[in-house]
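**Student:** Structure supplied as work-v1.txt; contents: compact mmCIF, C-alpha atoms.
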# COMPACT_ATOMS: atom_id res chain seq x y z
CA MET P 32 -5.14 -28.81 12.15
CA LEU P 33 -2.64 -26.67 14.07
CA SER P 34 -2.62 -22.97 13.21
CA LYS P 35 0.05 -20.41 14.17
CA THR P 36 -0.84 -16.72 14.54
CA LEU P 37 1.14 -13.60 15.43
CA HIS P 38 -0.68 -11.40 17.97
CA LEU P 39 0.10 -7.80 18.90
CA ALA P 40 1.64 -7.90 22.39
CA ARG P 41 2.38 -4.18 22.81
CA ARG P 42 2.47 -0.81 21.05
CA PRO P 43 5.73 0.61 19.64
CA ASP P 44 8.02 1.92 22.39
CA ALA P 45 9.94 5.21 22.49
CA THR P 46 12.25 4.03 19.69
CA GLY P 47 9.27 3.82 17.31
CA GLU P 48 10.64 0.56 15.92
CA PHE P 49 8.29 -2.05 14.42
CA ALA P 50 10.03 -4.57 16.66
CA ASP P 51 9.88 -8.36 16.77
CA GLU P 52 9.11 -8.08 20.48
CA MET P 53 5.82 -6.33 19.74
CA PHE P 54 4.36 -9.63 18.56
CA GLU P 55 3.70 -12.99 20.18
CA MET P 56 3.25 -16.27 18.33
CA LYS P 57 0.34 -18.40 19.52
CA GLU P 58 -0.68 -21.86 18.37
CA SER P 59 -4.22 -23.18 18.37
CA GLU P 60 -6.17 -26.11 17.01
CA LEU P 61 -8.27 -25.13 14.01
CA ASN P 62 -11.62 -26.91 14.03
CA GLU P 63 -13.29 -28.21 10.89
CA ALA P 64 -15.03 -25.72 8.64
CA ALA P 65 -18.70 -25.15 9.45
CA ASP P 66 -21.35 -24.83 6.75
CA GLY P 67 -20.52 -21.86 4.52
CA GLU P 68 -16.88 -21.72 5.67
CA VAL P 69 -13.54 -22.52 4.06
CA ILE P 70 -10.12 -23.20 5.55
CA VAL P 71 -7.30 -21.41 3.75
CA ARG P 72 -3.57 -21.96 4.05
CA VAL P 73 -1.94 -18.52 4.01
CA ASP P 74 0.81 -18.39 1.39
CA VAL P 75 1.52 -14.69 0.86
CA LEU P 76 1.30 -11.63 3.13
CA SER P 77 1.18 -8.07 1.84
CA CYS P 78 3.50 -5.56 3.53
CA GLU P 79 1.67 -2.24 3.87
CA PRO P 80 3.14 0.98 5.33
CA THR P 81 -0.20 1.62 7.02
CA GLN P 82 0.34 -1.42 9.23
CA LYS P 83 2.61 0.82 11.33
CA VAL P 84 -0.37 3.10 11.84
CA TRP P 85 -2.62 0.17 12.78
CA VAL P 86 -0.39 -0.90 15.70
CA THR P 87 -0.41 2.57 17.30
CA ASP P 88 -3.19 4.23 19.25
CA ILE P 89 -3.21 7.47 17.24
CA VAL P 90 -6.40 8.72 15.60
CA GLN P 91 -6.78 6.70 12.40
CA TYR P 92 -9.25 5.74 9.71
CA MET P 93 -10.15 2.33 11.18
CA PRO P 94 -9.86 0.76 14.63
CA ALA P 95 -6.30 0.14 15.77
CA VAL P 96 -5.23 -3.47 16.23
CA ALA P 97 -6.04 -4.23 19.86
CA ILE P 98 -3.40 -5.51 22.25
CA GLY P 99 -3.70 -9.30 22.22
CA ALA P 100 -5.41 -9.38 18.82
CA PRO P 101 -3.99 -11.01 15.67
CA MET P 102 -2.09 -8.62 13.42
CA ARG P 103 -4.19 -7.36 10.51
CA THR P 104 -2.96 -7.83 6.93
CA ILE P 105 -3.87 -8.52 3.33
CA PHE P 106 -3.21 -12.14 2.40
CA GLY P 107 -3.30 -14.65 -0.41
CA GLY P 108 -3.85 -18.33 0.19
CA THR P 109 -5.04 -21.73 -0.97
CA VAL P 110 -8.30 -23.42 0.03
CA LEU P 111 -7.58 -26.66 1.89
CA ALA P 112 -11.14 -27.50 2.94
CA SER P 113 -14.52 -26.11 1.94
CA LYS P 114 -18.10 -26.30 3.08
CA HIS P 115 -19.09 -23.35 0.93
CA PRO P 116 -21.04 -24.24 -2.25
CA ASP P 117 -19.12 -21.76 -4.41
CA TRP P 118 -15.58 -22.55 -3.24
CA LYS P 119 -13.54 -25.65 -4.06
CA VAL P 120 -10.40 -27.16 -2.59
CA GLY P 121 -7.37 -25.86 -4.48
CA GLU P 122 -8.92 -22.51 -5.38
CA ARG P 123 -7.05 -19.45 -4.22
CA ALA P 124 -8.34 -16.52 -2.17
CA THR P 125 -7.21 -13.01 -1.34
CA GLY P 126 -8.51 -10.28 0.93
CA PHE P 127 -8.15 -8.98 4.47
CA GLY P 128 -6.97 -11.44 7.11
CA VAL P 129 -4.31 -11.71 9.82
CA TRP P 130 -0.72 -12.86 10.25
CA SER P 131 -1.51 -16.54 10.50
CA SER P 132 -0.59 -19.86 8.91
CA HIS P 133 -4.28 -20.70 8.33
CA LEU P 134 -7.57 -18.84 8.23
CA LYS P 135 -11.13 -20.09 8.60
CA ALA P 136 -14.11 -17.95 7.58
CA ASN P 137 -17.12 -17.54 5.34
CA PRO P 138 -15.43 -15.94 2.31
CA GLN P 139 -18.49 -13.88 1.38
CA VAL P 140 -18.85 -12.43 4.87
CA SER P 141 -15.11 -11.71 5.01
CA GLY P 142 -15.05 -10.12 1.57
CA TRP P 143 -12.51 -12.57 0.13
CA THR P 144 -12.27 -12.90 -3.63
CA LYS P 145 -11.16 -15.75 -5.84
CA VAL P 146 -7.88 -15.45 -7.68
CA PRO P 147 -8.26 -16.12 -11.43
CA GLU P 148 -6.37 -19.13 -12.74
CA SER P 149 -4.54 -16.81 -15.14
CA SER P 150 -3.01 -14.79 -12.28
CA SER P 151 -0.21 -15.63 -9.90
CA LEU P 152 -1.15 -15.45 -6.24
CA GLU P 153 1.57 -12.86 -5.67
CA LEU P 154 0.14 -10.56 -8.35
CA ALA P 155 -3.38 -10.94 -6.95
CA VAL P 156 -2.18 -9.91 -3.47
CA ALA P 157 -0.21 -6.98 -4.90
CA CYS P 158 -3.34 -5.72 -6.66
CA VAL P 159 -5.74 -5.83 -3.71
CA LEU P 160 -4.85 -2.36 -2.45
CA CYS P 161 -2.05 -0.50 -4.20
CA PRO P 162 -3.20 -0.09 -7.84
CA THR P 163 -6.72 0.61 -6.56
CA THR P 164 -5.33 3.31 -4.27
CA ALA P 165 -3.36 4.86 -7.12
CA TYR P 166 -6.35 4.79 -9.49
CA ILE P 167 -8.83 6.33 -7.05
CA GLY P 168 -6.42 8.92 -5.70
CA LEU P 169 -5.30 10.08 -9.12
CA HIS P 170 -8.64 10.05 -10.92
CA GLN P 171 -11.37 10.61 -8.33
CA HIS P 172 -9.50 13.08 -6.14
CA GLY P 173 -6.62 14.31 -8.32
CA LYS P 174 -8.85 14.63 -11.39
CA ILE P 175 -5.73 14.41 -13.55
CA GLN P 176 -6.06 15.76 -17.07
CA ALA P 177 -3.94 15.52 -20.23
CA GLY P 178 -1.32 18.24 -20.39
CA GLU P 179 -1.16 18.80 -16.63
CA THR P 180 1.93 18.42 -14.46
CA LEU P 181 1.84 15.67 -11.84
CA PHE P 182 4.36 15.31 -9.01
CA VAL P 183 4.44 11.96 -7.21
CA ASN P 184 6.84 10.96 -4.44
CA GLY P 185 7.65 7.48 -3.20
CA ALA P 186 7.56 6.69 -6.90
CA ALA P 187 9.48 3.40 -6.73
CA GLY P 188 6.98 1.93 -4.28
CA ALA P 189 3.86 -0.04 -5.00
CA VAL P 190 1.44 2.90 -5.07
CA GLY P 191 3.84 5.49 -6.47
CA SER P 192 4.95 3.33 -9.40
CA ALA P 193 1.30 2.80 -10.36
CA VAL P 194 0.65 6.54 -10.13
CA VAL P 195 3.56 7.24 -12.50
CA GLN P 196 2.13 4.89 -15.11
CA MET P 197 -1.46 6.02 -14.71
CA GLY P 198 -0.40 9.65 -14.94
CA LYS P 199 1.41 9.02 -18.22
CA ALA P 200 -1.56 7.03 -19.52
CA ALA P 201 -3.74 10.08 -18.78
CA GLY P 202 -1.41 12.31 -20.83
CA ALA P 203 0.21 14.19 -17.93
CA ARG P 204 3.78 15.32 -17.54
CA VAL P 205 5.08 13.24 -14.62
CA ILE P 206 7.79 14.41 -12.26
CA ALA P 207 8.68 11.88 -9.58
CA SER P 208 11.00 11.41 -6.64
CA ALA P 209 12.69 8.27 -5.35
CA GLY P 210 15.73 7.32 -3.27
CA GLY P 211 18.92 6.55 -5.17
CA PRO P 212 20.03 6.35 -8.83
CA GLU P 213 18.83 2.78 -9.34
CA LYS P 214 15.33 3.58 -8.16
CA CYS P 215 15.21 6.75 -10.23
CA ALA P 216 16.27 4.76 -13.30
CA TYR P 217 13.46 2.29 -12.55
CA VAL P 218 10.91 5.10 -12.20
CA LYS P 219 11.98 6.64 -15.50
CA SER P 220 11.67 3.22 -17.14
CA LEU P 221 8.00 3.32 -16.12
CA GLY P 222 7.54 6.55 -18.05
CA ALA P 223 8.33 9.39 -15.65
CA ASP P 224 9.61 12.46 -17.47
CA GLU P 225 11.91 13.36 -14.59
CA CYS P 226 12.92 11.66 -11.35
CA ILE P 227 14.53 13.52 -8.46
CA ASP P 228 16.87 11.53 -6.22
CA TYR P 229 15.87 12.86 -2.82
CA LYS P 230 18.92 11.23 -1.21
CA SER P 231 21.41 13.29 -3.20
CA GLU P 232 19.42 16.23 -4.60
CA ASP P 233 17.61 19.19 -3.09
CA ILE P 234 13.92 18.48 -3.77
CA ALA P 235 12.85 22.12 -3.43
CA ALA P 236 15.56 23.39 -5.79
CA ARG P 237 14.91 20.68 -8.37
CA LEU P 238 11.15 21.27 -8.37
CA GLU P 239 11.72 25.00 -8.79
CA LYS P 240 13.85 24.28 -11.85
CA LEU P 241 11.68 21.54 -13.38
CA CYS P 242 8.20 22.93 -12.72
CA PRO P 243 8.27 26.48 -11.29
CA GLY P 244 4.73 27.19 -10.12
CA GLU P 245 3.43 24.48 -12.45
CA ILE P 246 2.32 21.52 -10.27
CA ASP P 247 -1.34 20.83 -11.03
CA VAL P 248 -1.61 17.59 -9.06
CA MET P 249 0.53 16.16 -6.29
CA PHE P 250 0.14 12.55 -5.19
CA ASP P 251 1.80 12.47 -1.77
CA ASN P 252 3.02 9.21 -0.25
CA VAL P 253 5.79 10.72 1.87
CA GLY P 254 4.77 13.99 3.55
CA GLY P 255 7.34 16.09 5.39
CA SER P 256 9.81 18.20 3.45
CA GLN P 257 8.75 16.79 0.07
CA LEU P 258 5.16 17.92 0.59
CA ASP P 259 6.46 21.28 1.72
CA ALA P 260 8.59 21.66 -1.42
CA ALA P 261 5.67 20.76 -3.68
CA LEU P 262 3.40 23.34 -2.03
CA GLY P 263 5.99 25.92 -2.99
CA GLN P 264 5.62 25.09 -6.71
CA ALA P 265 1.85 24.59 -6.92
CA ARG P 266 -0.22 26.21 -9.63
CA ASN P 267 -3.40 28.12 -8.77
CA PHE P 268 -6.21 25.67 -7.89
CA ALA P 269 -3.85 22.68 -7.73
CA ARG P 270 -5.12 19.41 -6.24
CA PHE P 271 -2.97 17.75 -3.59
CA VAL P 272 -3.91 14.13 -2.87
CA ILE P 273 -2.62 12.84 0.48
CA CYS P 274 -2.20 9.07 0.45
CA GLY P 275 0.51 8.48 3.06
CA SER P 276 3.22 10.04 5.19
CA ILE P 277 5.90 7.39 5.38
CA SER P 278 8.55 9.95 6.34
CA ASP P 279 6.77 10.20 9.70
CA TYR P 280 5.85 6.54 10.20
CA ALA P 281 9.15 5.66 11.85
CA LYS P 282 8.34 8.24 14.55
CA LEU P 283 4.91 6.83 15.38
CA GLY P 284 4.84 5.76 19.00
CA THR P 285 7.87 7.86 19.98
CA GLY P 286 5.94 10.97 20.96
CA ALA P 287 7.97 13.03 18.46
CA ALA P 288 6.00 15.63 16.54
CA PRO P 289 5.55 14.99 12.80
CA VAL P 290 7.18 17.39 10.35
CA GLY P 291 4.44 19.74 9.21
CA PRO P 292 4.53 21.90 6.05
CA LYS P 293 6.10 25.33 6.44
CA ASN P 294 4.49 26.39 3.17
CA PHE P 295 0.98 25.98 4.61
CA GLY P 296 0.17 29.55 3.55
CA ARG P 297 0.47 28.53 -0.10
CA ILE P 298 -2.76 26.53 0.29
CA LEU P 299 -4.55 29.85 0.65
CA MET P 300 -2.49 31.90 -1.79
CA ARG P 301 -2.71 29.28 -4.54
CA ARG P 302 -6.24 28.14 -3.51
CA ILE P 303 -5.03 24.54 -3.35
CA THR P 304 -7.40 21.68 -2.61
CA VAL P 305 -5.77 19.22 -0.17
CA ARG P 306 -7.61 15.92 0.10
CA GLY P 307 -6.79 12.93 2.28
CA PHE P 308 -8.42 9.69 1.22
CA ILE P 309 -8.69 5.97 1.87
CA ALA P 310 -9.11 3.74 -1.18
CA PHE P 311 -12.29 2.03 0.05
CA ASP P 312 -14.20 5.20 1.01
CA ASP P 313 -16.37 5.16 -2.12
CA ALA P 314 -17.85 1.85 -3.33
CA GLU P 315 -18.60 3.26 -6.78
CA TRP P 316 -14.98 4.18 -7.39
CA VAL P 317 -13.77 0.87 -5.96
CA ALA P 318 -15.95 -0.84 -8.56
CA LYS P 319 -14.53 1.39 -11.32
CA ALA P 320 -11.00 0.48 -10.26
CA ALA P 321 -11.89 -3.22 -10.11
CA ALA P 322 -13.03 -3.00 -13.73
CA ASP P 323 -10.29 -0.77 -15.13
CA VAL P 324 -7.10 -1.84 -13.33
CA PRO P 325 -7.08 -5.47 -14.54
CA GLN P 326 -7.68 -4.25 -18.09
CA MET P 327 -4.77 -1.81 -17.78
CA ILE P 328 -2.52 -4.68 -16.68
CA LYS P 329 -3.79 -6.90 -19.48
CA ASP P 330 -3.20 -4.37 -22.26
CA GLY P 331 0.19 -3.27 -20.93
CA ARG P 332 -0.66 0.21 -19.68
CA LEU P 333 0.14 -0.84 -16.10
CA LYS P 334 3.07 -2.94 -14.96
CA VAL P 335 2.93 -4.27 -11.38
CA ASP P 336 6.40 -5.13 -10.13
CA MET P 337 6.80 -7.22 -7.00
CA ASP P 338 9.61 -7.65 -4.52
CA PRO P 339 8.93 -11.00 -2.77
CA VAL P 340 10.81 -12.09 0.32
CA VAL P 341 10.57 -15.80 1.20
CA ALA P 342 10.60 -16.34 4.97
CA PRO P 343 8.63 -18.17 7.66
CA LEU P 344 5.65 -16.52 9.34
CA GLU P 345 7.58 -15.60 12.49
CA LYS P 346 9.79 -13.32 10.37
CA ALA P 347 6.83 -11.09 9.41
CA PRO P 348 7.95 -8.02 11.43
CA GLU P 349 11.49 -8.31 10.05
CA VAL P 350 10.25 -8.55 6.46
CA TRP P 351 7.92 -5.58 7.00
CA ARG P 352 10.80 -3.39 8.23
CA ASN P 353 12.22 -3.40 4.69
CA LEU P 354 9.54 -0.79 3.91
CA LEU P 355 11.09 1.80 6.21
CA LYS P 356 14.59 0.91 4.98
CA GLY P 357 13.44 1.72 1.45
CA SER P 358 15.04 -1.48 0.19
CA ASN P 359 12.07 -2.63 -1.90
CA THR P 360 11.26 -1.72 -5.48
CA GLY P 361 7.60 -2.23 -6.33
CA LYS P 362 5.32 -4.21 -4.04
CA LEU P 363 6.98 -5.82 -1.00
CA LEU P 364 5.49 -9.26 -0.37
CA HIS P 365 6.20 -11.80 2.36
CA VAL P 366 5.98 -15.27 0.83
CA ILE P 367 5.38 -17.93 3.48
CA ASN P 368 4.85 -20.83 1.08
CA LYS P 369 6.71 -20.67 -2.22
CA ALA P 370 4.97 -22.10 -5.32
CA PRO P 371 1.78 -22.65 -3.31
CA ALA P 372 -0.39 -25.63 -4.11
CA ALA P 373 -3.24 -27.32 -2.27
CA ASN P 374 -2.35 -30.28 -0.07
Show this structure as structure tokens.
**Tutor:**
Amino acid sequence: MLSKTLHLARRPDATGEFADEMFEMKESELNEAADGEVIVRVDVLSCEPTQKVWVTDIVQYMPAVAIGAPMRTIFGGTVLASKHPDWKVGERATGFGVWSSHLKANPQVSGWTKVPESSSLELAVACVLCPTTAYIGLHQHGKIQAGETLFVNGAAGAVGSAVVQMGKAAGARVIASAGGPEKCAYVKSLGADECIDYKSEDIAARLEKLCPGEIDVMFDNVGGSQLDAALGQARNFARFVICGSISDYAKLGTGAAPVGPKNFGRILMRRITVRGFIAFDDAEWVAKAAADVPQMIKDGRLKVDMDPVVAPLEKAPEVWRNLLKGSNTGKLLHVINKAPAAN
């Protein structure tokens, strides 16, 4: 069986662009599965903002993708061959993998999970990381309580949209930000009490009007000026949860300095707790999310919207760049094989 894989050929250049030229397609013959292994056809790739971090050599929470190595991703796929006693041909898998047409591994060793028959493969891929991240960030680190004020940015994205819904489910007042009137309307449809259009409104001025000195919890996906504005309206002993900094991701690799908060002094004056986190830091909370998130989806407390783009594997960098354009609403997915089925 011939397998195609995209390998990282170089780091981002001075432009910072997640460029097609950074990756090289290689073909190889995939040998038969050994005992305990399965061969999976990759059908869906998850587009994650953190993949821009992975291809740089900055200090990060896991090893960077090495030059010459396959590009890391979250995938969903269909089992084509199995020599594992618990996996059958036609079953579907999701977990961490690489940008490839096919994968071969022991699913237990690789941490892959089976996709329930009741779920679409796209939904399963969308739920591997983002709702878990929202749940753990908001509850373990944000410690959100009923009656508190929550500010979440990047609220039309996969993590932010889940945070909006989970915040409302917890009884919080939710103020959000997103780019453009259509996205703000979408965020309000999820339950946000207010949504600031950062493209046409002054975030700092709007926060001062909507929640002057009243932010109890901030869930930050963006960083930069939006984080700075939120620090200015924090309540005493507020909890700021740092999940991402997508406003700076385009600059990674350029040598340009990130935009740091000018309101750093407010952390002292308001005695704010600022906590960065990675979703899989704490196995106990990962297990809690794995139990609670599917139930929230089932009973309607959590809606997971997806924005699938159908394109061949070689278009993976191009599809990913939609994240920095802000063109997606909900979870951006790269669908390699539409309506996947075993063959």
**Student:** Have a look at P:Ser77, P:Ser231, P:Asn62, P:Thr109 and name the one nearest to Pro339 in chain P; count all atoms listed in the file.
**Tutor:**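 Among the listed residues, the smallest separation from Pro339 in chain P belongs to P:Ser77.
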**Student:** Give me, please, the distance in Å between CA of Lys346 in chain P and CA of Ala136 in chain P, quoted to one decimal.
**Tutor:**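 Distance reported for this atom pair: 24.5 Å.
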**Student:** Within 12 Å of (-9.6, -13.0, -0.3) (file coordinates; all atoms listed in the file), which protein or nucleic acid residues are there? I'd like them as a ChimeraX atom specification.
**Tutor:** /P:69-76,104-110,118,122-129,134-147,152,155-156,158-160
**Student:** As an exercise, work out the distance from CA of Val190 in chain P to CA of Cys274 in chain P in Å and give it to one decimal place.
**Tutor:**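 For CA of Val190 in chain P relative to CA of Cys274 in chain P, the distance reads 9.0 Å.
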**Student:** Leaving out range 237-254 of chain P and any residue of its chain fewer than 4 positions from it, which residues lie within 7 Å of it when counting all atoms listed in the file, given as a list in words?
**Tutor:** Gly173, Ile175, Glu179, Thr180, Leu181, Phe182, Val183, Asn184, Gly185, Asp233, Leu258, Gln264, Ala265, Arg266, Ala269, Arg270, Phe271, Val272, Ile273, Cys274, Gly275, Ser276, Ile277 and Ser278 of chain P
**Student:** Hey, what's within 8 Å of Thr164 in chain P if we count all atoms listed in the file and toss same-chain stuff fewer than 2 positions away? As a list in words, please?
**Tutor:**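 Using all atoms listed in the file, the neighbours found are Leu160, Cys161, Pro162, Tyr166, Ile167, Gly168, Val190, Ile309 and Ala310 of chain P.
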**Student:** Of the candidates P:Thr163, P:Ser34, P:Ser208, P:Ser151, which shows the shortest atom-to-atom distance to Leu333 in chain P, using all atoms listed in the file?
**Tutor:** P:Thr163
**Student:** Mind pulling up the distance from CA of Arg306 in chain P to CA of Met93 in chain P?
**Tutor:** 17.7 Å
**Student:** With all atoms listed in the file as the counted atoms, please give the residues lying no more than 9 Å from Leu221 in chain P, apart from itself and same-chain residues fewer than 4 positions off, as a ChimeraX atom specification.
**Tutor:** /P:192-193,195-196,199,216-217,333-334
**Student:** First collect every listed atom of range 104-113 of chain P; then fit an axis-aligned box around them, widen it by 4 Å on each side, and give centre and edge lengths in Å to one decimal, as lines of an AutoDock Vina configuration file.
**Tutor:**
center_x = -8.7
center_y = -17.7
center_z = 3.0
size_x = 19.6
size_y = 27.7
size_z = 15.9
**Student:** Smallest atom-to-atom distance to Gly198 in chain P: which of P:Ala322, P:Val350, P:Cys215, P:Leu169, using only C-alpha atoms?
**Tutor:** P:Leu169
**Student:** Name the closest residue to Tyr280 in chain P among the candidates P:Arg103, P:Leu355, P:Met53, P:Lys369; distances are taken between atoms, counting only C-alpha atoms.
**Tutor:**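 Closest to Tyr280 in chain P of all the choices is P:Leu355.
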**Student:** Using all atoms listed in the file, which of P:Pro116, P:Ser132, P:Tyr229, P:Thr360 sits nearest Pro343 in chain P?
**Tutor:**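 Counting all atoms listed in the file, the residue closest to Pro343 in chain P is P:Ser132.
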**Student:** As a list in words, please: the residues near Asn294 in chain P (cut-off 12 Å, only C-alpha atoms, same-chain neighbours under 3 positions excluded).
**Tutor:**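 So, after excluding close chain neighbours, the residues are Ala235, Gly255, Ser256, Gln257, Leu258, Asp259, Ala260, Ala261, Leu262, Gly263, Gln264, Ala265, Val290, Gly291, Arg297, Ile298, Leu299, Met300, Arg301 and Ile303 of chain P.
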**Student:** Considering all atoms listed in the file, can you say which of P:Asp330, P:Asp228, P:Glu153, P:Glu52 comes closest to Val366 in chain P?
**Tutor:**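 Among P:Asp330, P:Asp228, P:Glu153, P:Glu52, it is P:Glu153 that comes nearest to Val366 in chain P.
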**Student:** Leaving out Pro80 in chain P and any residue of its chain fewer than 2 positions from it, which residues lie within 7 Å of it when counting all atoms listed in the file, given as a PyMOL selection string?
**Tutor:** chain P and resi 78+82-83+277+354
